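> I'd like to ask some things about the structure below.
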Amino acid sequence: MPAMEQISDPLARFRAAAGLREAAGLKRALRARTPDDDGLIDLASNDYLGLARDGRLVEAAAAATRTWGTGSTGSRLVTGSTALHAELEARLCAFTRAAGALVFSSGYLANLAAVATLGRDALVVSDAGNHASIVDACRLSRSRVVVTPHKDVAAVEKALADRDEEHAIVVTDAVFSVDGDLAPLEDLHAAAVRQGALLVVDEAHSIGVIGPSGQGAVYAAGLAAEPDVVRTITLSKSLGSQGGAVLGAPEVIETLIDTGRSFIFDTGLAPGSVAAALSAVDILHNQPELPGRVRTRARELASMARELGLETVDPAGAVVPILLGPPETALRAALICAERGVRAGCFRPPSVPTGRSCLRLTARANLSSDDLTVTRGALTAVAEMKVTK
């Protein structure tokens, strides 16, 4: 231990690091929005179906809160499992054709449980574009992790074939959260089958968006009935609520209940959120056209960006990135959009690789033609900023 006279301010390093982040254009700040979204058109949230303020979800959440109270009161294994939790798990199984389901208090924790628990004492093969929750889960598994190039099935199969470990899991986003592209799930599953591995798919950005009625990318790929495929979902995006779930074979659900630390030691999801998610699943069942509307709007946003000379991708789901390069350019573009009535996501490192800062636009099923007209004006100004920069 250093002598007392040599002890420095323990917060100095944090201030210095904050200064470096600010100089690099990577400083972040919380901005409290108002109930009317500050009057801006929302192209930044993950409320893909526009259900977060839907009266049916609001009333379901309010009724459940009056019946059950504001919190679940404990972990799922103690007092935190209610009849509503069991109903939601059964309804998710029916909707997605999963054999079993387990509800968590967040999608992040669902990923931690699925990857860290199922990947223990195994090789974990993870796509380079995977979400931070998957990256953290890989670390928590304490297993050897091989990160493969984005959507490179050959690299995945080579990692599996070259392993010394008896067991292995392959983990991938279904729709990648920034690039908006779709994982090659059928090919990944075929590789996993050949090499005796489990496939874990994060459906956070595909549930409610991909599939004939929004059942997700695994369902759309014809893999819903495969026992060696595990899905994680979030209830906080398309389903307009809060929480997450793991979908999988009975052996998977049993393992997570018995040994999944982020399940065992976390307070259960609040009943109001459970009820809201139940309502959202009912809406998807009764209005199967909603996912198609989201995808149509996403394609319209991407087409609009291209017409204006902005770089983007062919969106698989709701996510439409506008690639801009330096973080300062992305920050300026987001400000320009806000000045013209549009809230756009601004993604910079470490959320994206260096040189890949972008606006991240997210389509919604309830975007109107007028909303798209305003958005065109905002993106036109962004395109002009790039030309005059």
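Following the order of the structure tokens, first chain is A, next is B, and so on, with residues numbered from 1 inside each chain and ligands from 1 in the order they appear.
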What's the 9 Å shell around Val170 (chain A), counting only C-alpha atoms, without same-chain residues fewer than 3 positions away, as a VMD selection string?
chain A and resid 119 123 to 127 156 160 188 to 189 192 197 to 201
> Now that the selection is made, can you save its residues with N, CA and C atoms as an mmCIF file, in the first residue's frame?

```
data_model
loop_
_atom_site.group_PDB
_atom_site.id
_atom_site.type_symbol
_atom_site.label_atom_id
_atom_site.label_comp_id
_atom_site.auth_asym_id
_atom_site.auth_seq_id
_atom_site.Cartn_x
_atom_site.Cartn_y
_atom_site.Cartn_z
ATOM 1 N N GLY A 119 -23.573 -21.628 -21.375
ATOM 2 C CA GLY A 119 -22.219 -21.656 -21.918
ATOM 3 C C GLY A 119 -21.150 -22.038 -20.922
ATOM 4 N N LEU A 123 -17.358 -24.228 -25.012
ATOM 5 C CA LEU A 123 -16.889 -23.175 -25.909
ATOM 6 C C LEU A 123 -18.073 -22.279 -26.258
ATOM 7 N N VAL A 124 -17.854 -20.961 -26.221
ATOM 8 C CA VAL A 124 -18.894 -20.008 -26.620
ATOM 9 C C VAL A 124 -18.420 -19.307 -27.884
ATOM 10 N N VAL A 125 -19.193 -19.416 -28.950
ATOM 11 C CA VAL A 125 -18.870 -18.776 -30.225
ATOM 12 C C VAL A 125 -19.855 -17.634 -30.426
ATOM 13 N N SER A 126 -19.343 -16.412 -30.514
ATOM 14 C CA SER A 126 -20.186 -15.214 -30.511
ATOM 15 C C SER A 126 -19.896 -14.330 -31.714
ATOM 16 N N ASP A 127 -20.948 -13.849 -32.377
ATOM 17 C CA ASP A 127 -20.805 -12.955 -33.526
ATOM 18 C C ASP A 127 -20.228 -11.613 -33.085
ATOM 19 N N VAL A 156 -17.687 -19.705 -37.865
ATOM 20 C CA VAL A 156 -18.365 -20.336 -36.732
ATOM 21 C C VAL A 156 -18.126 -21.848 -36.748
ATOM 22 N N LEU A 160 -16.069 -24.253 -34.012
ATOM 23 C CA LEU A 160 -16.686 -25.424 -33.385
ATOM 24 C C LEU A 160 -15.898 -26.692 -33.660
ATOM 25 N N LEU A 188 -26.566 -21.120 -39.612
ATOM 26 C CA LEU A 188 -25.939 -21.260 -38.297
ATOM 27 C C LEU A 188 -26.450 -22.500 -37.581
ATOM 28 N N HIS A 189 -27.743 -22.763 -37.702
ATOM 29 C CA HIS A 189 -28.293 -23.950 -37.046
ATOM 30 C C HIS A 189 -27.728 -25.215 -37.672
ATOM 31 N N ALA A 192 -24.322 -25.701 -36.331
ATOM 32 C CA ALA A 192 -24.385 -26.136 -34.933
ATOM 33 C C ALA A 192 -24.763 -27.609 -34.840
ATOM 34 N N ALA A 197 -23.537 -28.520 -31.309
ATOM 35 C CA ALA A 197 -23.595 -27.319 -30.483
ATOM 36 C C ALA A 197 -25.036 -26.837 -30.326
ATOM 37 N N LEU A 198 -25.240 -26.024 -29.306
ATOM 38 C CA LEU A 198 -26.526 -25.386 -29.045
ATOM 39 C C LEU A 198 -26.514 -24.008 -29.705
ATOM 40 N N LEU A 199 -27.628 -23.596 -30.300
ATOM 41 C CA LEU A 199 -27.737 -22.271 -30.905
ATOM 42 C C LEU A 199 -28.610 -21.391 -30.021
ATOM 43 N N VAL A 200 -28.069 -20.251 -29.597
ATOM 44 C CA VAL A 200 -28.799 -19.281 -28.773
ATOM 45 C C VAL A 200 -29.004 -18.024 -29.605
ATOM 46 N N VAL A 201 -30.259 -17.599 -29.754
ATOM 47 C CA VAL A 201 -30.599 -16.472 -30.620
ATOM 48 C C VAL A 201 -31.305 -15.393 -29.809
#
```
> Do you know which residues are at most 9 Å from Ala174 (chain A) counting only C-alpha atoms, after dropping those on the same chain fewer than 5 positions away, and could you put them as a PyMOL selection string?
chain A and resi 181-185+201-206+216-218
> For the residues in that selection, give me N, CA and C atoms as a PDB file, in the first residue's frame.

```pdb
ATOM      1  N   ASP A 181     -29.417  -5.748 -39.764  1.00  0.00           N
ATOM      2  CA  ASP A 181     -29.431  -6.886 -40.679  1.00  0.00           C
ATOM      3  C   ASP A 181     -29.809  -8.165 -39.940  1.00  0.00           C
ATOM      4  N   LEU A 182     -30.126  -9.193 -40.703  1.00  0.00           N
ATOM      5  CA  LEU A 182     -30.622 -10.450 -40.156  1.00  0.00           C
ATOM      6  C   LEU A 182     -29.537 -11.517 -40.166  1.00  0.00           C
ATOM      7  N   ALA A 183     -29.410 -12.241 -39.070  1.00  0.00           N
ATOM      8  CA  ALA A 183     -28.437 -13.331 -38.979  1.00  0.00           C
ATOM      9  C   ALA A 183     -28.863 -14.490 -39.884  1.00  0.00           C
ATOM     10  N   PRO A 184     -27.895 -15.242 -40.424  1.00  0.00           N
ATOM     11  CA  PRO A 184     -28.206 -16.412 -41.259  1.00  0.00           C
ATOM     12  C   PRO A 184     -28.578 -17.608 -40.380  1.00  0.00           C
ATOM     13  N   LEU A 185     -29.750 -17.571 -39.806  1.00  0.00           N
ATOM     14  CA  LEU A 185     -30.110 -18.526 -38.759  1.00  0.00           C
ATOM     15  C   LEU A 185     -30.151 -19.969 -39.250  1.00  0.00           C
ATOM     16  N   VAL A 201     -30.259 -17.599 -29.754  1.00  0.00           N
ATOM     17  CA  VAL A 201     -30.599 -16.472 -30.620  1.00  0.00           C
ATOM     18  C   VAL A 201     -31.305 -15.393 -29.809  1.00  0.00           C
ATOM     19  N   ASP A 202     -30.752 -14.188 -29.852  1.00  0.00           N
ATOM     20  CA  ASP A 202     -31.357 -13.038 -29.176  1.00  0.00           C
ATOM     21  C   ASP A 202     -32.366 -12.399 -30.133  1.00  0.00           C
ATOM     22  N   GLU A 203     -33.640 -12.524 -29.806  1.00  0.00           N
ATOM     23  CA  GLU A 203     -34.726 -12.032 -30.658  1.00  0.00           C
ATOM     24  C   GLU A 203     -35.233 -10.654 -30.228  1.00  0.00           C
ATOM     25  N   ALA A 204     -34.422  -9.894 -29.509  1.00  0.00           N
ATOM     26  CA  ALA A 204     -34.877  -8.607 -28.982  1.00  0.00           C
ATOM     27  C   ALA A 204     -35.470  -7.710 -30.062  1.00  0.00           C
ATOM     28  N   HIS A 205     -34.820  -7.655 -31.232  1.00  0.00           N
ATOM     29  CA  HIS A 205     -35.257  -6.747 -32.291  1.00  0.00           C
ATOM     30  C   HIS A 205     -36.044  -7.454 -33.392  1.00  0.00           C
ATOM     31  N   SER A 206     -36.396  -8.713 -33.169  1.00  0.00           N
ATOM     32  CA  SER A 206     -37.163  -9.440 -34.185  1.00  0.00           C
ATOM     33  C   SER A 206     -38.530  -9.888 -33.696  1.00  0.00           C
ATOM     34  N   GLY A 216     -41.164 -13.820 -34.585  1.00  0.00           N
ATOM     35  CA  GLY A 216     -39.715 -13.757 -34.480  1.00  0.00           C
ATOM     36  C   GLY A 216     -38.993 -14.427 -35.624  1.00  0.00           C
ATOM     37  N   ALA A 217     -37.681 -14.213 -35.683  1.00  0.00           N
ATOM     38  CA  ALA A 217     -36.872 -14.708 -36.797  1.00  0.00           C
ATOM     39  C   ALA A 217     -36.667 -16.219 -36.740  1.00  0.00           C
ATOM     40  N   VAL A 218     -36.566 -16.777 -35.531  1.00  0.00           N
ATOM     41  CA  VAL A 218     -36.418 -18.233 -35.412  1.00  0.00           C
ATOM     42  C   VAL A 218     -37.654 -18.924 -35.976  1.00  0.00           C
TER      43      VAL A 218
END
```
> Tell me which of A:Ala381, A:Ala159, A:Ala275, A:Leu102 sits closest to Thr232 (chain A), counting only C-alpha atoms.
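Residue with the minimum atom-to-atom distance to Thr232 (chain A): A:Leu102.
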> Neighbours of region 310-327 of chain A within 6 Å (only C-alpha atoms; same-chain residues fewer than 6 positions away dropped), as a list in words?
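Here the qualifying residues turn out to be Gly25, Gly180, Asp181, Leu182, Arg295, Ala298, Arg348, Gly355, Arg356, Ser357, Cys358, Leu359, Arg360, Leu361, Thr362 and Ala363 of chain A.
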> Go ahead and dump the residues you just picked, C-alpha atoms, as a tab-separated table (two decimals), in the first residue's frame.

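Saved file out-v7.tsv follows:
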```
chain	number	residue	atom	x	y	z
A	25	GLY	CA	-17.04	13.39	-28.96
A	180	GLY	CA	-30.40	-3.79	-38.67
A	181	ASP	CA	-29.43	-6.89	-40.68
A	182	LEU	CA	-30.62	-10.45	-40.16
A	295	ARG	CA	-41.11	-3.48	-42.04
A	298	ALA	CA	-38.44	0.76	-42.34
A	348	ARG	CA	-21.14	6.30	-31.15
A	355	GLY	CA	-15.53	5.14	-37.66
A	356	ARG	CA	-19.08	3.73	-37.71
A	357	SER	CA	-20.99	6.39	-35.76
A	358	CYS	CA	-24.49	6.75	-37.11
A	359	LEU	CA	-28.01	7.93	-36.73
A	360	ARG	CA	-30.17	4.95	-35.81
A	361	LEU	CA	-33.71	5.42	-37.04
A	362	THR	CA	-36.37	3.00	-35.83
A	363	ALA	CA	-39.61	2.52	-37.72
```
> Between CA of Cys346 (chain A) and CA of Arg28 (chain A), measure the distance and give it in Å to one decimal.
10.4 Å
> Of the candidates A:Ala128, A:Ala101, A:Ala122, A:Ala155, which shows the shortest atom-to-atom distance to Ser141 (chain A), using only C-alpha atoms?
A:Ala122
> Find the residues near Leu284 (chain A): any atom within 12 Å, counting only C-alpha atoms, skip ones fewer than 3 places away on the same chain, and give them as a compact mmCIF listing (two decimals) with N, CA and C atoms, in the first residue's frame.

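Dumped everything to result-v5.txt:
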```txt
# COMPACT_ATOMS: atom_id res chain seq x y z
N LEU A 49 -44.10 -1.27 -32.45
CA LEU A 49 -45.52 -1.40 -32.80
C LEU A 49 -46.35 -0.23 -32.29
N GLY A 50 -45.70 0.72 -31.61
CA GLY A 50 -46.43 1.86 -31.07
C GLY A 50 -47.36 1.48 -29.94
N LEU A 51 -47.00 0.45 -29.16
CA LEU A 51 -47.89 -0.05 -28.12
C LEU A 51 -47.59 0.48 -26.72
N ARG A 91 -48.53 -18.12 -22.63
CA ARG A 91 -48.95 -17.39 -23.83
C ARG A 91 -47.78 -17.18 -24.78
N LEU A 92 -46.60 -16.92 -24.25
CA LEU A 92 -45.41 -16.78 -25.11
C LEU A 92 -45.10 -18.09 -25.81
N PHE A 95 -47.60 -18.49 -28.63
CA PHE A 95 -47.41 -17.52 -29.70
C PHE A 95 -46.18 -17.85 -30.55
N THR A 96 -45.09 -18.25 -29.91
CA THR A 96 -43.83 -18.48 -30.62
C THR A 96 -43.57 -19.94 -30.94
N ILE A 207 -38.70 -10.09 -32.38
CA ILE A 207 -40.01 -10.46 -31.87
C ILE A 207 -40.97 -9.30 -32.11
N GLY A 208 -42.12 -9.57 -32.67
CA GLY A 208 -43.08 -8.52 -32.98
C GLY A 208 -42.85 -7.84 -34.31
N VAL A 209 -41.73 -8.17 -34.98
CA VAL A 209 -41.37 -7.51 -36.24
C VAL A 209 -41.19 -8.52 -37.37
N ILE A 210 -40.49 -9.62 -37.09
CA ILE A 210 -40.21 -10.64 -38.10
C ILE A 210 -41.20 -11.79 -37.93
N GLY A 211 -41.55 -12.43 -39.04
CA GLY A 211 -42.50 -13.54 -38.99
C GLY A 211 -43.88 -13.09 -39.42
N PRO A 212 -44.73 -14.04 -39.79
CA PRO A 212 -46.05 -13.68 -40.32
C PRO A 212 -46.91 -12.86 -39.37
N SER A 213 -46.79 -13.11 -38.08
CA SER A 213 -47.52 -12.33 -37.08
C SER A 213 -46.59 -11.79 -36.01
N GLY A 214 -45.29 -11.70 -36.34
CA GLY A 214 -44.33 -11.17 -35.39
C GLY A 214 -43.80 -12.19 -34.41
N GLN A 215 -43.86 -13.49 -34.77
CA GLN A 215 -43.39 -14.52 -33.85
C GLN A 215 -41.87 -14.58 -33.75
N GLY A 216 -41.16 -13.82 -34.58
CA GLY A 216 -39.72 -13.76 -34.48
C GLY A 216 -38.99 -14.43 -35.62
N SER A 238 -41.01 -4.25 -29.06
CA SER A 238 -42.28 -4.37 -29.77
C SER A 238 -43.46 -4.58 -28.83
N LEU A 239 -43.23 -5.25 -27.71
CA LEU A 239 -44.34 -5.56 -26.81
C LEU A 239 -44.67 -4.43 -25.85
N GLY A 240 -43.97 -3.31 -25.94
CA GLY A 240 -44.36 -2.08 -25.27
C GLY A 240 -44.38 -2.13 -23.76
N ALA A 277 -47.47 -6.86 -21.12
CA ALA A 277 -46.92 -7.76 -22.14
C ALA A 277 -47.96 -8.76 -22.61
N LEU A 278 -48.77 -9.28 -21.69
CA LEU A 278 -49.85 -10.18 -22.07
C LEU A 278 -50.81 -9.51 -23.04
N SER A 279 -51.15 -8.26 -22.76
CA SER A 279 -52.03 -7.51 -23.65
C SER A 279 -51.40 -7.34 -25.03
N ALA A 280 -50.11 -7.08 -25.08
CA ALA A 280 -49.42 -6.89 -26.35
C ALA A 280 -49.43 -8.17 -27.18
N VAL A 281 -49.22 -9.32 -26.54
CA VAL A 281 -49.27 -10.58 -27.27
C VAL A 281 -50.66 -10.81 -27.84
N GLN A 287 -54.11 -8.64 -34.43
CA GLN A 287 -53.76 -7.70 -35.49
C GLN A 287 -52.43 -8.13 -36.13
N PRO A 288 -52.44 -9.25 -36.84
CA PRO A 288 -51.19 -9.80 -37.40
C PRO A 288 -50.57 -8.94 -38.48
N GLU A 289 -51.27 -7.90 -38.91
CA GLU A 289 -50.72 -7.01 -39.94
C GLU A 289 -49.69 -6.02 -39.39
N LEU A 290 -49.64 -5.84 -38.08
CA LEU A 290 -48.75 -4.84 -37.49
C LEU A 290 -47.27 -5.04 -37.83
N PRO A 291 -46.72 -6.25 -37.72
CA PRO A 291 -45.30 -6.42 -38.07
C PRO A 291 -44.99 -6.02 -39.51
N GLY A 292 -45.88 -6.33 -40.44
CA GLY A 292 -45.67 -5.95 -41.83
C GLY A 292 -45.63 -4.44 -42.00
N ALA A 365 -45.01 0.98 -36.42
CA ALA A 365 -46.18 0.61 -37.20
C ALA A 365 -47.15 1.78 -37.37
```
> Write out as number ranges by chain the residues lying within 12 Å of region 31-41 of chain A, counting only C-alpha atoms and excluding same-chain residues fewer than 4 positions away.
A: 45, 52-53, 335, 337-345, 361-364, 366-376, 378
> Using backbone DSSP assignments, extract all strand (DSSP E or B) residues from region 55-224 of chain A; output them as JSON, numbers by chain.
{"A": [75, 100, 101, 102, 103, 104, 123, 124, 125, 126, 127, 145, 146, 147, 148, 168, 169, 170, 171, 172, 173, 175, 182, 198, 199, 200, 201, 202]}
> Would you write out, as a tab-separated table, a table of all residues in region 32-122 of chain A that have an atom no more than 10 Å from an atom of region 255-268 of chain A, listing for each the closest atom pair and the distance in Å to one decimal, considering only C-alpha atoms and ordering rows by chain and rising residue number?

```
residue	atom	partner	partner_atom	distance
A:Gly71	CA	A:Gly268	CA	8.2
A:Ser72	CA	A:Gly268	CA	5.6
A:Thr73	CA	A:Thr267	CA	7.2
A:Gly74	CA	A:Thr267	CA	4.9
A:Ser75	CA	A:Thr267	CA	4.0
A:Arg76	CA	A:Gly268	CA	5.1
A:Leu77	CA	A:Ile264	CA	6.7
A:Val78	CA	A:Thr267	CA	9.2
A:Thr79	CA	A:Gly268	CA	8.3
A:Gly80	CA	A:Gly268	CA	4.8
A:Ser81	CA	A:Gly268	CA	6.7
A:Thr82	CA	A:Gly268	CA	9.2
A:His85	CA	A:Gly268	CA	9.0
A:Leu102	CA	A:Ile257	CA	8.3
A:Val103	CA	A:Gly268	CA	8.2
A:Phe104	CA	A:Gly268	CA	6.6
A:Ser105	CA	A:Gly268	CA	5.7
A:Ser106	CA	A:Gly268	CA	9.5
A:Tyr108	CA	A:Ser262	CA	9.4
A:Leu109	CA	A:Ser262	CA	5.8
A:Ala110	CA	A:Ser262	CA	7.5
A:Asn111	CA	A:Ser262	CA	9.2
A:Leu112	CA	A:Ser262	CA	6.7
A:Ala113	CA	A:Gly260	CA	5.2
A:Ala114	CA	A:Leu256	CA	7.3
A:Val115	CA	A:Gly260	CA	9.7
A:Ala116	CA	A:Gly260	CA	8.0
A:Thr117	CA	A:Gly260	CA	5.8
A:Leu118	CA	A:Thr255	CA	8.1
```
> Please write the residues from the selection above to a file, keeping N, CA and C atoms, as a PDB file, in the first residue's frame.

```
ATOM      1  N   GLY A  71     -45.166  -4.030  -7.037  1.00  0.00           N
ATOM      2  CA  GLY A  71     -43.986  -4.868  -7.244  1.00  0.00           C
ATOM      3  C   GLY A  71     -44.305  -6.331  -7.059  1.00  0.00           C
ATOM      4  N   SER A  72     -43.380  -7.183  -7.495  1.00  0.00           N
ATOM      5  CA  SER A  72     -43.607  -8.622  -7.359  1.00  0.00           C
ATOM      6  C   SER A  72     -43.247  -9.131  -5.972  1.00  0.00           C
ATOM      7  N   THR A  73     -42.567  -8.330  -5.200  1.00  0.00           N
ATOM      8  CA  THR A  73     -42.242  -8.530  -3.771  1.00  0.00           C
ATOM      9  C   THR A  73     -41.083  -9.473  -3.498  1.00  0.00           C
ATOM     10  N   GLY A  74     -40.516 -10.111  -4.501  1.00  0.00           N
ATOM     11  CA  GLY A  74     -39.391 -10.998  -4.227  1.00  0.00           C
ATOM     12  C   GLY A  74     -38.889 -11.667  -5.489  1.00  0.00           C
ATOM     13  N   SER A  75     -37.891 -12.516  -5.323  1.00  0.00           N
ATOM     14  CA  SER A  75     -37.384 -13.270  -6.462  1.00  0.00           C
ATOM     15  C   SER A  75     -38.439 -14.251  -6.930  1.00  0.00           C
ATOM     16  N   ARG A  76     -38.282 -14.722  -8.172  1.00  0.00           N
ATOM     17  CA  ARG A  76     -39.274 -15.638  -8.734  1.00  0.00           C
ATOM     18  C   ARG A  76     -39.379 -16.918  -7.912  1.00  0.00           C
ATOM     19  N   LEU A  77     -38.290 -17.329  -7.260  1.00  0.00           N
ATOM     20  CA  LEU A  77     -38.297 -18.577  -6.499  1.00  0.00           C
ATOM     21  C   LEU A  77     -38.838 -18.424  -5.083  1.00  0.00           C
ATOM     22  N   VAL A  78     -39.122 -17.167  -4.690  1.00  0.00           N
ATOM     23  CA  VAL A  78     -39.655 -16.944  -3.340  1.00  0.00           C
ATOM     24  C   VAL A  78     -41.113 -16.478  -3.460  1.00  0.00           C
ATOM     25  N   THR A  79     -41.334 -15.182  -3.639  1.00  0.00           N
ATOM     26  CA  THR A  79     -42.712 -14.680  -3.757  1.00  0.00           C
ATOM     27  C   THR A  79     -42.959 -13.967  -5.081  1.00  0.00           C
ATOM     28  N   GLY A  80     -41.963 -13.929  -5.941  1.00  0.00           N
ATOM     29  CA  GLY A  80     -42.055 -13.093  -7.138  1.00  0.00           C
ATOM     30  C   GLY A  80     -42.740 -13.706  -8.334  1.00  0.00           C
ATOM     31  N   SER A  81     -43.224 -14.943  -8.214  1.00  0.00           N
ATOM     32  CA  SER A  81     -43.976 -15.572  -9.306  1.00  0.00           C
ATOM     33  C   SER A  81     -45.463 -15.477  -9.001  1.00  0.00           C
ATOM     34  N   THR A  82     -46.207 -14.831  -9.878  1.00  0.00           N
ATOM     35  CA  THR A  82     -47.653 -14.727  -9.717  1.00  0.00           C
ATOM     36  C   THR A  82     -48.347 -15.560 -10.793  1.00  0.00           C
ATOM     37  N   HIS A  85     -47.478 -14.240 -14.180  1.00  0.00           N
ATOM     38  CA  HIS A  85     -46.215 -14.698 -14.759  1.00  0.00           C
ATOM     39  C   HIS A  85     -46.409 -16.039 -15.468  1.00  0.00           C
ATOM     40  N   LEU A 102     -39.446 -18.721 -19.698  1.00  0.00           N
ATOM     41  CA  LEU A 102     -39.130 -18.251 -18.354  1.00  0.00           C
ATOM     42  C   LEU A 102     -38.979 -16.739 -18.418  1.00  0.00           C
ATOM     43  N   VAL A 103     -39.801 -16.021 -17.648  1.00  0.00           N
ATOM     44  CA  VAL A 103     -39.824 -14.563 -17.680  1.00  0.00           C
ATOM     45  C   VAL A 103     -38.812 -13.983 -16.697  1.00  0.00           C
ATOM     46  N   PHE A 104     -38.080 -12.972 -17.148  1.00  0.00           N
ATOM     47  CA  PHE A 104     -37.082 -12.248 -16.354  1.00  0.00           C
ATOM     48  C   PHE A 104     -37.513 -10.787 -16.215  1.00  0.00           C
ATOM     49  N   SER A 105     -36.825 -10.053 -15.360  1.00  0.00           N
ATOM     50  CA  SER A 105     -37.170  -8.644 -15.176  1.00  0.00           C
ATOM     51  C   SER A 105     -36.578  -7.738 -16.245  1.00  0.00           C
ATOM     52  N   SER A 106     -35.701  -8.254 -17.101  1.00  0.00           N
ATOM     53  CA  SER A 106     -35.204  -7.490 -18.247  1.00  0.00           C
ATOM     54  C   SER A 106     -34.666  -8.440 -19.294  1.00  0.00           C
ATOM     55  N   TYR A 108     -31.890  -7.952 -20.786  1.00  0.00           N
ATOM     56  CA  TYR A 108     -30.451  -8.023 -20.485  1.00  0.00           C
ATOM     57  C   TYR A 108     -30.172  -9.212 -19.565  1.00  0.00           C
ATOM     58  N   LEU A 109     -30.986  -9.349 -18.527  1.00  0.00           N
ATOM     59  CA  LEU A 109     -30.784 -10.447 -17.588  1.00  0.00           C
ATOM     60  C   LEU A 109     -31.120 -11.793 -18.221  1.00  0.00           C
ATOM     61  N   ALA A 110     -32.095 -11.805 -19.137  1.00  0.00           N
ATOM     62  CA  ALA A 110     -32.400 -13.044 -19.854  1.00  0.00           C
ATOM     63  C   ALA A 110     -31.187 -13.499 -20.653  1.00  0.00           C
ATOM     64  N   ASN A 111     -30.506 -12.570 -21.318  1.00  0.00           N
ATOM     65  CA  ASN A 111     -29.288 -12.921 -22.055  1.00  0.00           C
ATOM     66  C   ASN A 111     -28.183 -13.388 -21.121  1.00  0.00           C
ATOM     67  N   LEU A 112     -28.018 -12.690 -20.005  1.00  0.00           N
ATOM     68  CA  LEU A 112     -26.989 -13.111 -19.051  1.00  0.00           C
ATOM     69  C   LEU A 112     -27.226 -14.548 -18.605  1.00  0.00           C
ATOM     70  N   ALA A 113     -28.474 -14.863 -18.300  1.00  0.00           N
ATOM     71  CA  ALA A 113     -28.782 -16.218 -17.833  1.00  0.00           C
ATOM     72  C   ALA A 113     -28.560 -17.247 -18.926  1.00  0.00           C
ATOM     73  N   ALA A 114     -29.084 -16.974 -20.113  1.00  0.00           N
ATOM     74  CA  ALA A 114     -29.009 -17.967 -21.186  1.00  0.00           C
ATOM     75  C   ALA A 114     -27.574 -18.269 -21.578  1.00  0.00           C
ATOM     76  N   VAL A 115     -26.787 -17.235 -21.808  1.00  0.00           N
ATOM     77  CA  VAL A 115     -25.426 -17.448 -22.325  1.00  0.00           C
ATOM     78  C   VAL A 115     -24.466 -17.855 -21.209  1.00  0.00           C
ATOM     79  N   ALA A 116     -24.507 -17.154 -20.089  1.00  0.00           N
ATOM     80  CA  ALA A 116     -23.557 -17.459 -19.015  1.00  0.00           C
ATOM     81  C   ALA A 116     -23.824 -18.823 -18.393  1.00  0.00           C
ATOM     82  N   THR A 117     -25.093 -19.204 -18.301  1.00  0.00           N
ATOM     83  CA  THR A 117     -25.429 -20.489 -17.679  1.00  0.00           C
ATOM     84  C   THR A 117     -25.251 -21.649 -18.650  1.00  0.00           C
ATOM     85  N   LEU A 118     -25.816 -21.516 -19.849  1.00  0.00           N
ATOM     86  CA  LEU A 118     -25.731 -22.610 -20.823  1.00  0.00           C
ATOM     87  C   LEU A 118     -24.336 -22.734 -21.416  1.00  0.00           C
TER      88      LEU A 118
END
```
> Please identify which residues in region 157-229 of chain A DSSP calls helix (DSSP H, G or I) from the backbone, and express them as a list in words.
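Output for region 157-229 of chain A, helix (DSSP H, G or I) only: Glu157, Lys158, Ala159, Leu160, Ala161, Leu185, Glu186, Asp187, Leu188, His189, Ala190, Ala191, Ala192, Val193, Arg194, Ala217, Val218, Tyr219 and Ala220 of chain A.
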> Export C-alpha atoms of the chosen residues as a PDB file, in the first residue's frame?

```
ATOM      1  CA  GLU A 157     -18.138 -23.907 -37.985  1.00  0.00           C
ATOM      2  CA  LYS A 158     -14.332 -23.833 -37.942  1.00  0.00           C
ATOM      3  CA  ALA A 159     -14.317 -22.614 -34.328  1.00  0.00           C
ATOM      4  CA  LEU A 160     -16.686 -25.424 -33.385  1.00  0.00           C
ATOM      5  CA  ALA A 161     -14.744 -28.079 -35.286  1.00  0.00           C
ATOM      6  CA  LEU A 185     -30.110 -18.526 -38.759  1.00  0.00           C
ATOM      7  CA  GLU A 186     -30.748 -21.576 -40.926  1.00  0.00           C
ATOM      8  CA  ASP A 187     -27.080 -21.857 -41.877  1.00  0.00           C
ATOM      9  CA  LEU A 188     -25.939 -21.260 -38.297  1.00  0.00           C
ATOM     10  CA  HIS A 189     -28.293 -23.950 -37.046  1.00  0.00           C
ATOM     11  CA  ALA A 190     -27.054 -26.411 -39.665  1.00  0.00           C
ATOM     12  CA  ALA A 191     -23.455 -25.740 -38.598  1.00  0.00           C
ATOM     13  CA  ALA A 192     -24.385 -26.136 -34.933  1.00  0.00           C
ATOM     14  CA  VAL A 193     -26.121 -29.445 -35.649  1.00  0.00           C
ATOM     15  CA  ARG A 194     -23.112 -30.795 -37.554  1.00  0.00           C
ATOM     16  CA  ALA A 217     -36.872 -14.708 -36.797  1.00  0.00           C
ATOM     17  CA  VAL A 218     -36.418 -18.233 -35.412  1.00  0.00           C
ATOM     18  CA  TYR A 219     -40.068 -18.974 -36.178  1.00  0.00           C
ATOM     19  CA  ALA A 220     -39.762 -17.399 -39.637  1.00  0.00           C
TER      20      ALA A 220
END
```
> Between CA of Arg299 (chain A) and CA of Gly243 (chain A), what distance in Å does the model show, to one decimal?
28.1 Å
> Go ahead and compute the interatomic distance for CA of Val294 (chain A) and CA of Arg306 (chain A), in Å to one decimal.
18.6 Å
> Which is closest to Thr65 (chain A) among A:Cys138, A:Ala270, A:Leu20, A:Ala86, if we use only C-alpha atoms?
A:Ala270
